[in-house]
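Dumped work31.cif below, it's mmCIF, C-alpha atoms:
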```
data_entry
#
loop_
_atom_site.label_atom_id
_atom_site.label_comp_id
_atom_site.auth_asym_id
_atom_site.auth_seq_id
_atom_site.Cartn_x
_atom_site.Cartn_y
_atom_site.Cartn_z
CA MET A 786 48.36 -56.52 -23.88
CA SER A 787 51.10 -54.68 -21.99
CA SER A 788 54.83 -54.54 -22.69
CA LYS A 789 57.81 -53.75 -20.50
CA ILE A 790 58.97 -50.21 -21.29
CA GLU A 791 62.30 -48.98 -19.97
CA PHE A 792 62.74 -45.53 -18.43
CA THR A 793 66.26 -44.17 -17.99
CA LEU A 794 67.77 -41.04 -16.46
CA PHE A 795 71.45 -40.15 -16.84
CA ALA A 796 72.45 -38.55 -13.52
CA PRO A 797 75.86 -39.93 -12.50
CA ARG A 798 76.40 -37.69 -9.45
CA ASN A 799 72.89 -38.01 -8.01
CA GLU A 800 72.45 -40.56 -5.24
CA LYS A 801 68.80 -41.43 -5.75
CA ALA A 802 66.08 -41.16 -8.40
CA ALA A 803 62.55 -42.45 -8.93
CA LEU A 804 59.89 -42.51 -11.65
CA ILE A 805 56.37 -41.11 -11.23
CA GLY A 806 53.67 -41.05 -13.88
CA SER A 807 50.04 -41.23 -14.89
CA PHE A 808 50.47 -44.99 -15.38
CA SER A 809 51.12 -45.40 -11.63
CA ASN A 810 48.71 -42.72 -10.39
CA TRP A 811 51.87 -40.71 -9.72
CA ILE A 812 53.01 -43.19 -7.10
CA GLN A 813 56.80 -43.39 -6.91
CA ILE A 814 58.59 -46.26 -8.67
CA SER A 815 62.17 -46.90 -7.55
CA MET A 816 65.06 -46.80 -10.01
CA GLU A 817 68.43 -48.56 -9.80
CA LYS A 818 71.68 -46.90 -10.82
CA ASP A 819 74.22 -48.69 -13.02
CA GLU A 820 77.98 -48.17 -13.32
CA GLN A 821 77.52 -45.80 -16.28
CA GLY A 822 75.49 -43.30 -14.26
CA PHE A 823 72.04 -44.30 -15.58
CA PHE A 824 69.05 -44.80 -13.29
CA ARG A 825 66.81 -47.47 -14.83
CA THR A 826 63.47 -49.13 -14.30
CA PHE A 827 60.98 -51.13 -16.38
CA THR A 828 57.21 -50.57 -16.28
CA ASP A 829 54.40 -52.61 -17.89
CA LEU A 830 52.47 -50.31 -20.22
CA GLU A 831 49.68 -50.93 -22.70
CA ASP A 832 49.60 -49.01 -25.97
CA GLY A 833 48.66 -45.40 -25.29
CA THR A 834 49.91 -41.97 -24.24
CA TYR A 835 51.23 -41.29 -20.74
CA GLN A 836 52.68 -38.42 -18.71
CA TYR A 837 55.67 -38.92 -16.43
CA LYS A 838 58.46 -37.21 -14.48
CA PHE A 839 61.59 -38.19 -12.64
CA ARG A 840 62.07 -37.49 -8.95
CA VAL A 841 65.72 -36.82 -8.18
CA GLN A 842 67.70 -35.97 -5.11
CA SER A 843 69.48 -32.68 -5.67
CA VAL A 844 73.27 -32.52 -5.51
CA GLU A 845 73.47 -28.77 -5.03
CA THR A 846 75.48 -27.39 -2.14
CA ASN A 847 73.47 -27.19 1.08
CA HIS A 848 70.54 -29.01 -0.55
CA ASP A 849 71.81 -32.58 -0.58
CA SER A 850 68.59 -33.96 0.87
CA GLU A 851 66.22 -31.97 -1.37
CA TRP A 852 64.08 -33.96 -3.80
CA ARG A 853 62.83 -32.41 -7.03
CA ASP A 854 60.40 -33.51 -9.72
CA VAL A 855 61.88 -32.89 -13.17
CA ILE A 856 60.83 -33.38 -16.75
CA ASP A 857 62.91 -35.97 -18.58
CA PRO A 858 65.85 -34.03 -20.13
CA TYR A 859 65.61 -36.40 -23.12
CA ALA A 860 61.81 -36.19 -23.53
CA THR A 861 60.71 -35.94 -27.16
CA GLU A 862 57.38 -34.41 -26.14
CA VAL A 863 56.36 -32.20 -23.21
CA ASP A 864 52.87 -31.55 -21.85
CA THR A 865 52.99 -27.84 -21.05
CA VAL A 866 49.68 -27.98 -19.14
CA THR A 867 50.84 -30.54 -16.57
CA GLY A 868 54.56 -29.79 -16.87
CA SER A 869 55.33 -33.44 -17.61
CA SER A 870 57.25 -35.56 -20.09
CA VAL A 871 55.10 -37.50 -22.56
CA ILE A 872 55.66 -41.05 -23.76
CA ARG A 873 53.69 -42.78 -26.51
CA VAL A 874 53.57 -46.56 -26.78
CA LYS A 875 52.45 -48.40 -29.92
CA ALA A 876 52.77 -52.11 -30.64
CA GLY A 877 54.73 -52.46 -27.42
CA LYS A 878 57.40 -49.90 -28.32
CA LYS A 879 58.06 -46.24 -27.61
CA VAL A 880 57.20 -44.06 -30.61
CA ILE A 881 57.29 -40.35 -31.36
CA ASP A 882 54.48 -40.31 -33.95
CA ASN A 883 53.06 -42.37 -36.81
CA TYR A 884 54.25 -40.29 -39.74
CA VAL A 885 55.49 -42.20 -42.80
CA TRP A 886 57.94 -40.38 -45.09
CA GLN A 887 56.81 -39.99 -48.70
CA TYR A 888 59.57 -38.02 -50.44
CA ASP A 889 62.78 -39.11 -48.72
CA ARG A 890 64.56 -39.98 -51.98
CA VAL A 891 64.00 -36.77 -53.91
CA PRO A 892 67.33 -35.15 -54.97
CA LEU A 893 68.04 -31.93 -53.06
CA PRO A 894 70.25 -28.92 -53.89
CA GLN A 895 73.97 -29.18 -53.22
CA ASN A 896 75.52 -26.75 -50.73
CA SER A 897 76.98 -24.60 -53.53
CA ALA A 898 73.56 -24.21 -55.16
CA MET A 899 71.46 -23.24 -52.14
CA VAL A 900 69.19 -20.20 -52.29
CA LEU A 901 68.26 -19.87 -48.63
CA TYR A 902 65.16 -18.45 -46.96
CA GLU A 903 65.42 -18.03 -43.17
CA MET A 904 62.06 -18.61 -41.50
CA HIS A 905 60.64 -17.96 -38.06
CA ILE A 906 57.52 -20.12 -38.06
CA ALA A 907 55.22 -17.83 -36.07
CA ASP A 908 56.32 -14.61 -37.78
CA PHE A 909 56.09 -16.14 -41.25
CA ILE A 910 52.47 -17.13 -40.64
CA GLY A 911 51.61 -14.01 -38.64
CA GLU A 912 48.02 -13.02 -38.07
CA GLU A 913 46.87 -15.08 -41.04
CA SER A 914 47.38 -18.28 -39.06
CA ASN A 915 44.32 -20.51 -38.78
CA ASN A 916 43.94 -21.33 -35.09
CA GLN A 917 42.30 -24.61 -36.04
CA GLN A 918 45.43 -25.99 -37.69
CA SER A 919 49.09 -26.17 -36.79
CA LYS A 920 51.49 -23.46 -37.88
CA TYR A 921 53.48 -26.07 -39.78
CA THR A 922 50.39 -26.80 -41.88
CA SER A 923 49.99 -23.09 -42.58
CA VAL A 924 53.58 -22.98 -43.82
CA ILE A 925 52.90 -25.94 -46.12
CA GLU A 926 50.11 -23.97 -47.75
CA LYS A 927 52.65 -21.30 -48.76
CA LEU A 928 55.41 -23.56 -50.07
CA ASP A 929 54.38 -23.11 -53.70
CA TYR A 930 54.66 -19.35 -53.21
CA LEU A 931 58.18 -19.78 -51.80
CA SER A 932 59.13 -22.02 -54.72
CA GLU A 933 57.97 -19.33 -57.13
CA LEU A 934 60.30 -16.87 -55.40
CA GLY A 935 63.18 -19.08 -56.47
CA ILE A 936 64.36 -20.37 -53.08
CA ASN A 937 65.44 -24.00 -52.72
CA THR A 938 66.41 -24.13 -49.02
CA ILE A 939 64.53 -23.15 -45.87
CA GLN A 940 66.43 -22.51 -42.65
CA LEU A 941 64.05 -22.84 -39.72
CA MET A 942 64.90 -20.71 -36.72
CA PRO A 943 65.13 -22.89 -33.57
CA ILE A 944 62.13 -25.17 -33.13
CA ASN A 945 63.18 -26.84 -29.86
CA ALA A 946 60.61 -26.44 -27.09
CA PHE A 947 60.82 -23.08 -25.33
CA ALA A 948 58.90 -21.29 -22.54
CA GLY A 949 55.58 -19.69 -23.49
CA ASN A 950 53.99 -19.63 -26.94
CA TYR A 951 56.16 -17.04 -28.68
CA SER A 952 59.94 -16.83 -28.89
CA TRP A 953 62.69 -16.66 -31.48
CA GLY A 954 63.79 -19.94 -29.92
CA TYR A 955 67.14 -18.87 -28.54
CA LYS A 956 66.42 -19.97 -24.96
CA VAL A 957 65.76 -23.68 -25.22
CA GLN A 958 64.04 -25.54 -22.40
CA HIS A 959 63.81 -29.03 -23.92
CA PHE A 960 66.46 -29.96 -26.46
CA PHE A 961 64.88 -33.23 -27.66
CA ALA A 962 61.30 -31.91 -27.96
CA THR A 963 59.87 -29.67 -30.66
CA GLU A 964 57.86 -26.55 -29.86
CA SER A 965 54.25 -27.60 -29.22
CA SER A 966 52.72 -24.21 -30.14
CA TYR A 967 53.88 -24.78 -33.73
CA GLY A 968 52.25 -28.20 -34.04
CA SER A 969 53.04 -31.87 -33.57
CA THR A 970 56.18 -33.71 -34.65
CA ALA A 971 54.08 -35.37 -37.35
CA ASP A 972 53.13 -31.91 -38.64
CA LEU A 973 56.79 -30.90 -38.68
CA LYS A 974 57.78 -34.05 -40.57
CA ARG A 975 55.02 -33.43 -43.10
CA LEU A 976 56.38 -29.89 -43.60
CA VAL A 977 59.86 -31.27 -44.25
CA ASP A 978 58.41 -33.94 -46.53
CA GLU A 979 56.41 -31.38 -48.55
CA CYS A 980 59.54 -29.24 -48.87
CA HIS A 981 61.46 -32.22 -50.22
CA ALA A 982 58.64 -32.97 -52.64
CA ARG A 983 59.36 -29.54 -54.16
CA GLY A 984 63.13 -30.01 -54.09
CA ILE A 985 63.54 -27.69 -51.08
CA ARG A 986 66.15 -28.55 -48.47
CA VAL A 987 65.43 -27.89 -44.80
CA ILE A 988 68.05 -26.70 -42.32
CA ILE A 989 67.19 -26.50 -38.62
CA ASP A 990 68.95 -23.81 -36.59
CA GLY A 991 70.31 -24.91 -33.21
CA ILE A 992 71.36 -23.16 -29.99
CA TYR A 993 74.15 -24.92 -28.11
CA ASN A 994 75.84 -22.14 -26.15
CA HIS A 995 73.27 -21.93 -23.36
CA SER A 996 69.77 -22.97 -22.30
CA ASP A 997 66.77 -21.52 -20.53
CA GLU A 998 66.92 -21.43 -16.72
CA GLU A 999 64.14 -24.03 -16.65
CA CYS A 1000 66.01 -26.67 -18.63
CA PRO A 1001 65.66 -29.94 -16.64
CA LEU A 1002 69.43 -30.49 -16.60
CA LEU A 1003 69.74 -27.56 -14.22
CA LEU A 1004 67.45 -29.27 -11.71
CA VAL A 1005 69.24 -32.61 -12.00
CA ASP A 1006 72.80 -31.36 -11.52
CA ARG A 1007 73.69 -27.88 -12.77
CA ASP A 1008 77.45 -28.09 -12.32
CA TYR A 1009 77.72 -31.34 -14.27
CA TRP A 1010 76.58 -29.79 -17.58
CA TYR A 1011 77.01 -26.04 -17.00
CA TYR A 1012 79.38 -23.46 -15.63
CA HIS A 1013 78.31 -22.67 -12.09
CA SER A 1014 78.04 -18.99 -13.02
CA ALA A 1015 78.90 -16.88 -16.07
CA LYS A 1016 81.94 -18.19 -17.94
CA ASN A 1017 83.10 -14.61 -18.55
CA PRO A 1018 81.80 -12.53 -15.61
CA ASP A 1019 83.51 -9.40 -16.96
CA ASP A 1020 81.36 -9.55 -20.09
CA PRO A 1021 77.76 -9.52 -18.79
CA ASP A 1022 76.33 -8.27 -22.10
CA ASN A 1023 77.19 -11.65 -23.65
CA TYR A 1024 75.58 -13.77 -20.95
CA TRP A 1025 72.29 -15.09 -22.26
CA ASP A 1026 71.42 -17.73 -19.61
CA PRO A 1027 73.20 -20.78 -18.10
CA GLU A 1028 76.15 -21.67 -20.34
CA PHE A 1029 77.14 -25.22 -21.21
CA ASN A 1030 80.56 -26.18 -19.87
CA TYR A 1031 82.29 -27.89 -22.78
CA GLU A 1032 85.55 -27.96 -20.83
CA TYR A 1033 84.40 -30.17 -17.95
CA TYR A 1034 85.60 -33.77 -18.19
CA ASP A 1035 84.13 -36.61 -16.12
CA ASN A 1036 87.18 -38.70 -15.21
CA ASN A 1037 85.05 -41.59 -13.94
CA LEU A 1038 83.04 -42.06 -17.14
CA LYS A 1039 85.68 -40.65 -19.51
CA ILE A 1040 83.27 -38.25 -21.19
CA LYS A 1041 82.62 -34.54 -21.58
CA PRO A 1042 78.95 -34.41 -20.42
CA ALA A 1043 77.95 -31.22 -22.22
CA TRP A 1044 79.48 -32.49 -25.47
CA GLN A 1045 77.65 -35.79 -25.14
CA PHE A 1046 74.27 -34.18 -24.44
CA ILE A 1047 74.47 -31.64 -27.25
CA VAL A 1048 75.67 -34.16 -29.83
CA MET A 1049 72.77 -36.44 -28.92
CA SER A 1050 70.23 -33.62 -29.08
CA SER A 1051 71.50 -32.16 -32.35
CA VAL A 1052 71.65 -35.49 -34.16
CA PHE A 1053 69.44 -38.08 -32.47
CA GLY A 1054 66.89 -35.58 -31.20
CA PHE A 1055 65.74 -34.89 -34.77
CA GLU A 1056 67.00 -38.07 -36.38
CA ASN A 1057 63.69 -38.90 -38.06
CA ILE A 1058 63.64 -35.43 -39.61
CA ILE A 1059 67.19 -34.75 -40.75
CA LEU A 1060 69.11 -38.00 -41.14
CA MET A 1061 67.42 -38.78 -44.42
CA GLU A 1062 68.74 -35.47 -45.80
CA PHE A 1063 72.22 -36.34 -44.55
CA ASP A 1064 71.97 -39.61 -46.46
CA LEU A 1065 70.96 -37.82 -49.63
CA MET A 1066 73.77 -35.25 -49.42
CA ARG A 1067 76.68 -37.62 -48.69
#
```
Whole structure given in structure tokens:
Amino acid sequence: MSSKIEFTLFAPRNEKAALIGSFSNWIQISMEKDEQGFFRTFTDLEDGTYQYKFRVQSVETNHDSEWRDVIDPYATEVDTVTGSSVIRVKAGKKVIDNYVWQYDRVPLPQNSAMVLYEMHIADFIGEESNNQQSKYTSVIEKLDYLSELGINTIQLMPINAFAGNYSWGYKVQHFFATESSYGSTADLKRLVDECHARGIRVIIDGIYNHSDEECPLLLVDRDYWYYHSAKNPDDPDNYWDPEFNYEYYDNNLKIKPAWQFIVMSSVFGFENIILMEFDLMR
């Protein structure tokens, strides 16, 4: 049995957009734009996993007629092999994974009592990593060791999806997706859950000054979310990649686009992972 699943793309200054995906044999599906700048369409999908992209008409100077295929900027999973967004449908609804929290009511350390351990997932596991299991699972196997050290908080260096299989995570490509080379979102949630079972808080580092050059927002409409070039051209040593323009205000929609995107990615992007800790610490 199939259900109508909505696909949306926020691109207020783009004239046209379409949806393509494995569910349509990559044949283009038209999208209609509403007054809030969202392109929308509904597609009948049975339960399963699908790959998709958006096809947008560029708004860059001298390229007004150019069409580009882009990964969904709000995708929660990315297929790095096909360069596509991934959507999972279960019981007629979009889902991220099937993980069920087990220890979401365990008391956690207050801010004043934190003993923090900063962790880069790949470096922490190192050469001992079992290639047959996710890196998150390998970290879980060492949590008792960390507890014995006396730490009660782990700060994960950025785990948003980045280019390649190794990075410190400071050039994010996909702000709503987690890094696939570390493991699945279910593996990440289990890591957080196992930390909480031991009374260990988890803090996730975030990068909101800039993004990787391949971030989909740049292909949709660079100047809507970013400075066109370096914000401070006289300080090239502090330019790390395209910088979000937190000053730009969209008078039509009454929003600051970069603010809106980053707030959504930092809160809602990992809502199933971190909101329960927010609830416990209020």
Worksheet item: What is the distance, in Å and to one decimal place, between atom CA of Lys801 of chain A and atom CA of Phe1046 of chain A?
Response: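 Computed distance, atom CA of Lys801 of chain A to atom CA of Phe1046 of chain A, equals 20.8 Å.
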Would you pick out the contacts of segment 811-821 of chain A at 8 Å or less, using all atoms listed in the file, so that residues sharing its chain but fewer than 3 positions from it are not included, and give the list as a CSV table (one decimal) with C-alpha atoms, in the coordinates of the input?
```
chain,number,residue,atom,x,y,z
A,797,PRO,CA,75.9,-39.9,-12.5
A,801,LYS,CA,68.8,-41.4,-5.8
A,802,ALA,CA,66.1,-41.2,-8.4
A,803,ALA,CA,62.6,-42.4,-8.9
A,804,LEU,CA,59.9,-42.5,-11.6
A,805,ILE,CA,56.4,-41.1,-11.2
A,806,GLY,CA,53.7,-41.0,-13.9
A,807,SER,CA,50.0,-41.2,-14.9
A,808,PHE,CA,50.5,-45.0,-15.4
A,824,PHE,CA,69.0,-44.8,-13.3
A,825,ARG,CA,66.8,-47.5,-14.8
A,826,THR,CA,63.5,-49.1,-14.3
A,837,TYR,CA,55.7,-38.9,-16.4
A,1038,LEU,CA,83.0,-42.1,-17.1
```
Worksheet item: When you draw a straight line from atom CA of Pro943 of chain A to atom CA of Thr793 of chain A, how long is it in Å?
Response: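 Taking atom CA of Pro943 of chain A as the start and atom CA of Thr793 of chain A as the end point, the length is 26.4 Å.
Among A:Gly954, A:Gly833, A:Pro1027, A:Gly935, the residue with the shortest atom-to-atom distance to Ile881 of chain A, counting only C-alpha atoms, is A:Gly833.
Reported to one decimal place, the separation of atom CA of Ser996 of chain A from atom CA of Thr865 of chain A is 17.5 Å.
Considering the residues A:Val987, A:Ala982, A:Ala948, A:Ile1047 and counting only C-alpha atoms, Val900 of chain A has its shortest atom-to-atom contact with A:Val987.
Comparing the minimum interatomic distances between Leu928 of chain A and each of A:Asp908, A:Asp978, A:Asp857, A:Glu964, counting only C-alpha atoms, we find that A:Asp978 sits nearest.
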Fill in: Residues returned when the PyMOL selection byres ((chain A and resi 836) around 10) runs on this file, as an MDAnalysis selection string
chainID A and resid 805:808 811 834:835 837:838 856 862:864 867:873
Practice prompt. Apply the PyMOL selection byres ((chain A and resi 896) around 12) to the displayed file and report the matching residues as a PyMOL selection string.
Written response: chain A and resi 893-895+897-901+937-938+986-988+1063+1066-1067
Practice prompt. Please evaluate the PyMOL selection byres ((chain A and resi 876) around 10) against the displayed coordinates and give the resulting residues as a VMD selection string.
Written response: chain A and resid 786 to 788 831 to 833 874 to 875 877 to 880
Response to the item:
Of A:Tyr967, A:Leu1004, A:Tyr1031, A:Arg890, the one nearest to Glu851 of chain A when counting all atoms listed in the file is A:Leu1004
Worksheet item: Excluding same-chain residues fewer than 3 positions from Val977 of chain A, what lies within 10 Å of it counting only C-alpha atoms, as number ranges by chain?
Response: A: 886, 888-889, 921, 925, 939, 971-974, 980-982, 985-988, 1058-1059, 1062
Print the selection's residues with C-alpha atoms to a file, as a short mmCIF file (atom, residue, chain, number, x, y, z; two decimals), keeping the file's coordinate frame.
```cif
data_model
loop_
_atom_site.label_atom_id
_atom_site.label_comp_id
_atom_site.auth_asym_id
_atom_site.auth_seq_id
_atom_site.Cartn_x
_atom_site.Cartn_y
_atom_site.Cartn_z
CA TRP A 886 57.94 -40.38 -45.09
CA TYR A 888 59.57 -38.02 -50.44
CA ASP A 889 62.78 -39.11 -48.72
CA TYR A 921 53.48 -26.07 -39.78
CA ILE A 925 52.90 -25.94 -46.12
CA ILE A 939 64.53 -23.15 -45.87
CA ALA A 971 54.08 -35.37 -37.35
CA ASP A 972 53.13 -31.91 -38.64
CA LEU A 973 56.79 -30.90 -38.68
CA LYS A 974 57.78 -34.05 -40.57
CA CYS A 980 59.54 -29.24 -48.87
CA HIS A 981 61.46 -32.22 -50.22
CA ALA A 982 58.64 -32.97 -52.64
CA ILE A 985 63.54 -27.69 -51.08
CA ARG A 986 66.15 -28.55 -48.47
CA VAL A 987 65.43 -27.89 -44.80
CA ILE A 988 68.05 -26.70 -42.32
CA ILE A 1058 63.64 -35.43 -39.61
CA ILE A 1059 67.19 -34.75 -40.75
CA GLU A 1062 68.74 -35.47 -45.80
#
```
Report, as AutoDock Vina command-line options, the centre and edge lengths in Å (one decimal) of the axis-aligned box enclosing every listed atom of segment 1036-1043 of chain A, padded by 6 Å on each side.
```
--center_x 82.6 --center_y -36.6 --center_z -18.1 --size_x 21.2 --size_y 22.8 --size_z 20.3
```
Fill in: Residue nearest Ser1051 of chain A - candidates A:Tyr1009, A:Tyr859, A:Asp997, A:Ile910, atoms counted: all atoms listed in the file
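Among the listed residues, A:Tyr859 lies closest to Ser1051 of chain A.
Distance annotation: of A:Asp1035, A:Ala907, A:Ala860, A:Phe827, the residue with the minimal separation from Ala946 of chain A is A:Ala860; atom set is only C-alpha atoms.
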Practice prompt. Compile the contact shell of His1013 of chain A as a list in words: residues with an atom at most 10 Å away, counting all atoms listed in the file, same-chain residues fewer than 6 positions apart removed.
Written response: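 Everything that qualifies: Arg1007, Pro1027, Glu1028, Phe1029 and Asn1030 of chain A.
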